[in-house]
Amino acid sequence: MKIIKTKLPGVLIIEPTVLEDSRGFFMESYNKNKFSANAINVDFVQDNHSRSTAGTLRGLHWQAAPQGQDKLVRVVRGEIYDVAVDVRRDSSTFGQWVGVTLSETNKRQLFIPKGFAHGFCVLSKIADFLYKCTAFYSPEHEKGILWNDSKLNIDWPIKNPLLSEKDKKLPHLSEIDGYCEETSKD
């Protein structure tokens with residue numbers, strides 16, 4: 001397993017060791033001991049699976065304290081462009097984002113700690129997206145920011161995405177005062 005740091009402290013790209021032969025492949029998508037050895041000390045309590053069609057954009061979402069979630073995300077079918085945005089008001093990287101392509105081919109994963117908004121867009125015909133969370137889903141703690149907020153200036157690889165009604169109405173980054181209760185560690 002290879003861990004790649006990004007420009008955002010705590011957001012990590014994980015490249016698992018993949019053993020391939022004529023029968024297919026094998027990989028560990030999660031191993032608590034190996035993650036702990038790489039300073040990822042979390043306890044996952046919920047796994048989620050979403051399927052989306054080409055051009056879908058989901059996000060940007062997070063859960064506020066005390067129900068903040070660390071997430072480990074990956075794609076098992078198709079390809080997505082995955083984005084994490086720092087929404088910790090006291091962080092030196094507040095409002096900055098990082099994006100990475102995750103696919104069934106590259107088998108990369110992204111670890112997104114508490115205090116970061118998360119979203120993705122689908123680049124393939126269909127994408128199956130799996131993610132582990134360290135807190136249970138809590139609708140009353142769910143927060144979000146608009147995917148195309150000009151202050152974020154995210155370079156999404158799609159221009160007219162399919163959005164949920166909820167995601168179309170999310171606030172801008174400048175409107176989220178008081179939502180970002182997680183404290184930064186940088």
# chains A, B, ... in the order shown; residues from 1 in each chain; ligands from 1

$ residues_around --residues "segment 21-35 of chain A" --least-positions-apart "3" --cutoff "12 Å" --atoms "only C-alpha atoms" --output "number ranges by chain"
A: 1-3, 12, 14-18, 38-44, 47, 71-76, 104-111, 130-132

$ select_by_dssp --residues "chain A" --states "strand (DSSP E or B)" --output "PyMOL selection string"
chain A and resi 2-5+12-15+18-21+24-27+46-53+56-63+71-77+79-86+97-103+109-112+116-122+126-133+142-144+162

$ residues_around --residues "His172 of chain A" --least-positions-apart "2" --cutoff "9 Å" --atoms "only C-alpha atoms" --output "PyMOL selection string"
chain A and resi 144-151+170+174-176
